[in-house]
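Reading through the structure tokens given below for one structure.
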Amino acid sequence: SMTVYSIAISGSNIFAGTYGGGVFLSTNNGSNWTPVNNGLSDKFVCSLFINWDILFAGTRDGIFILTNNGYGWEVIDNDLINYLAILSFAAYENNIFAGTGAGVFMSDYNSNNWIKGNEGLPFAAYSLAIIGDYIYTGTYNKGVWKRSLSDFGIETYIINSELPKIKIFPNPVNDILYFTGIEKPASITIIDLQGKVIMRKELRDRQLNISTLETGIYFLKLENSTGITTIKLLKR
């Protein structure tokens, strides 16, 4: 048997990160396990995290990703190896946070640049969670600490909401906008800064193509029988 540091689940796939054995995959509710370590240079996997169907693995050699439940790992950043191990992950829209032995770092899916956000946090970030406008980190023997997402240059964009479970991503967005936590049917209205209605559509699935919009700032109003939410939208 092995020490299992972390578990992540995607559909019927269960991934287990182990201490020294790498990552194992089960497709039958844990009855059988297969090693999934091709390309994984460090078998001491401290954390696993799934976001946007991408599996992130935190090791002492940096962060690795496994996309579409494939069988080859790709390192996305090994610049964090000087900060001991990658102990935890969290995500907000297109931003990924990594908790390390030297605190919290942030990057986005479009770059490999990591921003250190440790002012006032001189401890290892063993666990991370994002609620509302704040990111929280659990430390060893020092309790729970929090910091505003705006300190990382992130706007949460929700102006008012009667539908607190709704999330849109990515934001800023290039072409396709995705929705979670929404009950269908729902109507979408996109308004520019001058108050002009640019787009009005019925949301028939959980995505919306806004590739025809010009670059700029808009307000997205989503309405269904449950309530209304308004979100500031940045179109790239």
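FYI, nothing fancy with the structure tokens labels: chains A, B, ... in order, residues from 1 per chain, ligands from 1 as they appear.
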Worksheet item: In range 16-222 of chain A, what's helix (DSSP H, G or I) per DSSP? Answer as a count of residues only?
Response: 9
Discussion item. Please list as a PyMOL selection string every residue within 7 Å of range 38-46 of chain A, counting only C-alpha atoms and excluding residues in the same chain fewer than 6 positions away.
Written reply: chain A and resi 5-6+17-22+57-61+71-74+86-87
Take the residues from that selection and put them in a file with N, CA and C atoms, as a JSON list (two decimals), in the first residue's frame.
[["chain", "number", "residue", "atom", "x", "y", "z"],
["A", 5, "TYR", "N", -1.64, 11.28, -0.92],
["A", 5, "TYR", "CA", -1.71, 12.67, -0.47],
["A", 5, "TYR", "C", -2.92, 13.41, -1.01],
["A", 6, "SER", "N", -3.43, 12.99, -2.17],
["A", 6, "SER", "CA", -4.50, 13.76, -2.79],
["A", 6, "SER", "C", -5.32, 12.87, -3.73],
["A", 17, "GLY", "N", -2.95, 10.80, -6.03],
["A", 17, "GLY", "CA", -1.57, 11.23, -5.99],
["A", 17, "GLY", "C", -0.87, 10.64, -4.78],
["A", 18, "THR", "N", 0.24, 9.95, -4.98],
["A", 18, "THR", "CA", 0.89, 9.20, -3.92],
["A", 18, "THR", "C", 2.25, 9.77, -3.55],
["A", 19, "TYR", "N", 2.75, 9.32, -2.43],
["A", 19, "TYR", "CA", 4.05, 9.73, -1.92],
["A", 19, "TYR", "C", 5.10, 8.75, -2.42],
["A", 20, "GLY", "N", 5.66, 9.07, -3.60],
["A", 20, "GLY", "CA", 6.73, 8.24, -4.15],
["A", 20, "GLY", "C", 6.32, 7.34, -5.28],
["A", 21, "GLY", "N", 5.01, 7.16, -5.49],
["A", 21, "GLY", "CA", 4.57, 6.27, -6.55],
["A", 21, "GLY", "C", 3.92, 6.99, -7.71],
["A", 22, "GLY", "N", 3.85, 8.30, -7.65],
["A", 22, "GLY", "CA", 3.25, 9.05, -8.74],
["A", 22, "GLY", "C", 1.73, 9.08, -8.66],
["A", 57, "ALA", "N", -1.10, 18.44, -11.31],
["A", 57, "ALA", "CA", -0.38, 17.70, -10.28],
["A", 57, "ALA", "C", 0.72, 18.58, -9.72],
["A", 58, "GLY", "N", 0.74, 18.73, -8.40],
["A", 58, "GLY", "CA", 1.77, 19.50, -7.74],
["A", 58, "GLY", "C", 2.84, 18.60, -7.17],
["A", 59, "THR", "N", 4.09, 18.84, -7.55],
["A", 59, "THR", "CA", 5.20, 18.00, -7.12],
["A", 59, "THR", "C", 6.34, 18.88, -6.62],
["A", 60, "ARG", "N", 7.46, 18.26, -6.29],
["A", 60, "ARG", "CA", 8.65, 19.01, -5.92],
["A", 60, "ARG", "C", 9.39, 19.54, -7.14],
["A", 61, "ASP", "N", 9.01, 19.07, -8.34],
["A", 61, "ASP", "CA", 9.61, 19.52, -9.59],
["A", 61, "ASP", "C", 8.71, 20.49, -10.34],
["A", 71, "TYR", "N", -2.34, 10.07, -21.26],
["A", 71, "TYR", "CA", -1.33, 9.28, -20.56],
["A", 71, "TYR", "C", 0.06, 9.89, -20.69],
["A", 72, "GLY", "N", 0.13, 11.20, -20.91],
["A", 72, "GLY", "CA", 1.42, 11.87, -20.95],
["A", 72, "GLY", "C", 1.34, 13.18, -20.21],
["A", 73, "TRP", "N", 2.23, 13.36, -19.24],
["A", 73, "TRP", "CA", 2.26, 14.58, -18.45],
["A", 73, "TRP", "C", 3.12, 15.63, -19.14],
["A", 74, "GLU", "N", 2.71, 16.88, -18.98],
["A", 74, "GLU", "CA", 3.46, 18.01, -19.52],
["A", 74, "GLU", "C", 3.72, 18.99, -18.39],
["A", 86, "ILE", "N", 4.57, 21.87, -4.31],
["A", 86, "ILE", "CA", 3.26, 22.44, -4.64],
["A", 86, "ILE", "C", 2.23, 21.68, -3.80],
["A", 87, "LEU", "N", 1.72, 22.34, -2.78],
["A", 87, "LEU", "CA", 0.90, 21.66, -1.77],
["A", 87, "LEU", "C", -0.59, 21.71, -2.05]]
Fill in: Separation of CA of Gly101 in chain A from CA of Leu84 in chain A, in Å and rounded to one decimal
5.1 Å
Practice prompt. Report the residues of range 1-234 of chain A whose backbone DSSP state falls under strand (DSSP E), written as a count of residues only.
Written response: 122
Worksheet item: Using only C-alpha atoms, which of the listed residues (A:Trp145, A:Tyr134, A:Phe24, A:Asn94) sits closest to Asn118 in chain A?
Response: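 Using only C-alpha atoms, Asn118 in chain A sits closest to A:Trp145.
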Item to complete: To one decimal in Å, tell me the separation between CA of Asp133 in chain A and CA of Ser107 in chain A.
Response: 17.2 Å
Discussion item. Taking 3 positions as the minimum chain separation for residues in the same chain, which residues sit within 8 Å of Phe49 in chain A when counting only C-alpha atoms? Answer as a list in words.
Written reply: Ala8, Leu55, Phe56, Ala57, Ser88, Phe89 and Ala90 of chain A
List the neighbours of Tyr178 in chain A out to 10 Å using only C-alpha atoms; skip same-chain residues closer than 5 positions along the sequence, and give me the result as a PDB file with N, CA, C and O atoms, in the first residue's frame.
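out_14.pdb was written with the following content:
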ATOM      1  N   LYS A 167     -21.852  31.118 -12.432  1.00  0.00           N
ATOM      2  CA  LYS A 167     -20.502  31.568 -12.747  1.00  0.00           C
ATOM      3  C   LYS A 167     -20.340  31.575 -14.256  1.00  0.00           C
ATOM      4  O   LYS A 167     -20.909  30.739 -14.967  1.00  0.00           O
ATOM      5  N   ILE A 168     -19.558  32.519 -14.764  1.00  0.00           N
ATOM      6  CA  ILE A 168     -19.198  32.557 -16.170  1.00  0.00           C
ATOM      7  C   ILE A 168     -17.686  32.525 -16.282  1.00  0.00           C
ATOM      8  O   ILE A 168     -16.987  33.044 -15.419  1.00  0.00           O
ATOM      9  N   PHE A 169     -17.187  31.893 -17.319  1.00  0.00           N
ATOM     10  CA  PHE A 169     -15.747  31.829 -17.540  1.00  0.00           C
ATOM     11  C   PHE A 169     -15.483  31.504 -19.004  1.00  0.00           C
ATOM     12  O   PHE A 169     -16.355  30.936 -19.673  1.00  0.00           O
ATOM     13  N   PRO A 170     -14.334  31.893 -19.544  1.00  0.00           N
ATOM     14  CA  PRO A 170     -13.339  32.772 -18.904  1.00  0.00           C
ATOM     15  C   PRO A 170     -13.809  34.219 -18.947  1.00  0.00           C
ATOM     16  O   PRO A 170     -14.664  34.572 -19.751  1.00  0.00           O
ATOM     17  N   ASN A 171     -13.253  35.032 -18.128  1.00  0.00           N
ATOM     18  CA  ASN A 171     -13.570  36.460 -18.095  1.00  0.00           C
ATOM     19  C   ASN A 171     -12.325  37.206 -17.617  1.00  0.00           C
ATOM     20  O   ASN A 171     -12.016  37.124 -16.428  1.00  0.00           O
ATOM     21  N   VAL A 173     -12.717  37.237 -21.956  1.00  0.00           N
ATOM     22  CA  VAL A 173     -13.072  36.172 -22.882  1.00  0.00           C
ATOM     23  C   VAL A 173     -12.723  36.591 -24.303  1.00  0.00           C
ATOM     24  O   VAL A 173     -12.814  37.766 -24.659  1.00  0.00           O
ATOM     25  N   ASP A 205     -27.953  26.271 -24.283  1.00  0.00           N
ATOM     26  CA  ASP A 205     -26.993  25.356 -23.669  1.00  0.00           C
ATOM     27  C   ASP A 205     -26.138  26.176 -22.719  1.00  0.00           C
ATOM     28  O   ASP A 205     -26.490  27.299 -22.389  1.00  0.00           O
ATOM     29  N   ARG A 206     -25.036  25.663 -22.279  1.00  0.00           N
ATOM     30  CA  ARG A 206     -24.234  26.335 -21.254  1.00  0.00           C
ATOM     31  C   ARG A 206     -23.045  27.084 -21.838  1.00  0.00           C
ATOM     32  O   ARG A 206     -22.024  27.233 -21.187  1.00  0.00           O
ATOM     33  N   GLN A 207     -23.187  27.562 -23.066  1.00  0.00           N
ATOM     34  CA  GLN A 207     -22.133  28.355 -23.668  1.00  0.00           C
ATOM     35  C   GLN A 207     -22.729  29.368 -24.634  1.00  0.00           C
ATOM     36  O   GLN A 207     -23.835  29.195 -25.141  1.00  0.00           O
ATOM     37  N   LEU A 208     -21.966  30.441 -24.864  1.00  0.00           N
ATOM     38  CA  LEU A 208     -22.430  31.532 -25.714  1.00  0.00           C
ATOM     39  C   LEU A 208     -21.259  32.037 -26.536  1.00  0.00           C
ATOM     40  O   LEU A 208     -20.198  32.358 -25.994  1.00  0.00           O
ATOM     41  N   ASN A 209     -21.440  32.100 -27.850  1.00  0.00           N
ATOM     42  CA  ASN A 209     -20.409  32.596 -28.749  1.00  0.00           C
ATOM     43  C   ASN A 209     -20.541  34.108 -28.864  1.00  0.00           C
ATOM     44  O   ASN A 209     -21.549  34.622 -29.355  1.00  0.00           O
TER      45      ASN A 209
END
Fill in: Using only C-alpha atoms: which of A:Ile182, A:Ile65, A:Leu193, A:Met199 has the shortest distance to Gly227 in chain A
A:Ile182
If you count only C-alpha atoms, which residues fall within 12 Å of Lys196 in chain A, apart from same-chain ones fewer than 5 positions away, as a short mmCIF file (atom, residue, chain, number, x, y, z; two decimals) with N, CA, C and O atoms, in the first residue's frame?
data_model
loop_
_atom_site.label_atom_id
_atom_site.label_comp_id
_atom_site.auth_asym_id
_atom_site.auth_seq_id
_atom_site.Cartn_x
_atom_site.Cartn_y
_atom_site.Cartn_z
N THR A 189 -28.77 39.14 -22.03
CA THR A 189 -28.69 40.45 -22.67
C THR A 189 -27.31 41.03 -22.41
O THR A 189 -26.86 41.05 -21.27
N ILE A 190 -26.63 41.47 -23.47
CA ILE A 190 -25.32 42.10 -23.35
C ILE A 190 -25.46 43.57 -23.73
O ILE A 190 -25.97 43.90 -24.81
N ILE A 191 -25.00 44.45 -22.85
CA ILE A 191 -25.17 45.89 -22.99
C ILE A 191 -23.80 46.56 -22.94
O ILE A 191 -22.94 46.17 -22.13
N TYR A 218 -18.41 45.20 -21.26
CA TYR A 218 -19.85 45.09 -21.42
C TYR A 218 -20.47 44.66 -20.10
O TYR A 218 -19.78 44.25 -19.16
N PHE A 219 -21.79 44.76 -20.06
CA PHE A 219 -22.54 44.22 -18.94
C PHE A 219 -23.43 43.10 -19.46
O PHE A 219 -24.16 43.28 -20.44
N LEU A 220 -23.32 41.95 -18.80
CA LEU A 220 -24.12 40.79 -19.18
C LEU A 220 -25.22 40.60 -18.15
O LEU A 220 -24.94 40.43 -16.97
#
Discussion item. Applying 10 Å and only C-alpha atoms, which residues near Pro185 in chain A remain after dropping the ones on its own chain fewer than 4 positions away? List them as a ChimeraX atom specification.
Written reply: /A:202-205,223-225
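Straight-line separation from CA of Tyr126 in chain A to CA of Ile50 in chain A: 17.2 Å.
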Fill in: Of the listed residues A:Leu222, A:Ala125, A:Ile7, A:Ile130, that which approaches Ala98 in chain A most closely, counting only C-alpha atoms
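Of the candidates, the smallest distance to Ala98 in chain A is held by A:Ala125.
For the set A:Leu213, A:Phe152, A:Pro122, A:Gly138, the residue with the smallest atom-to-atom gap to Ile96 in chain A is A:Phe152, counting only C-alpha atoms.
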Fill in: Residue contacts of range 141-144 of chain A (12 Å, only C-alpha atoms) excluding same-chain residues fewer than 6 positions away, as an MDAnalysis selection string
chainID A and resid 121:129 135
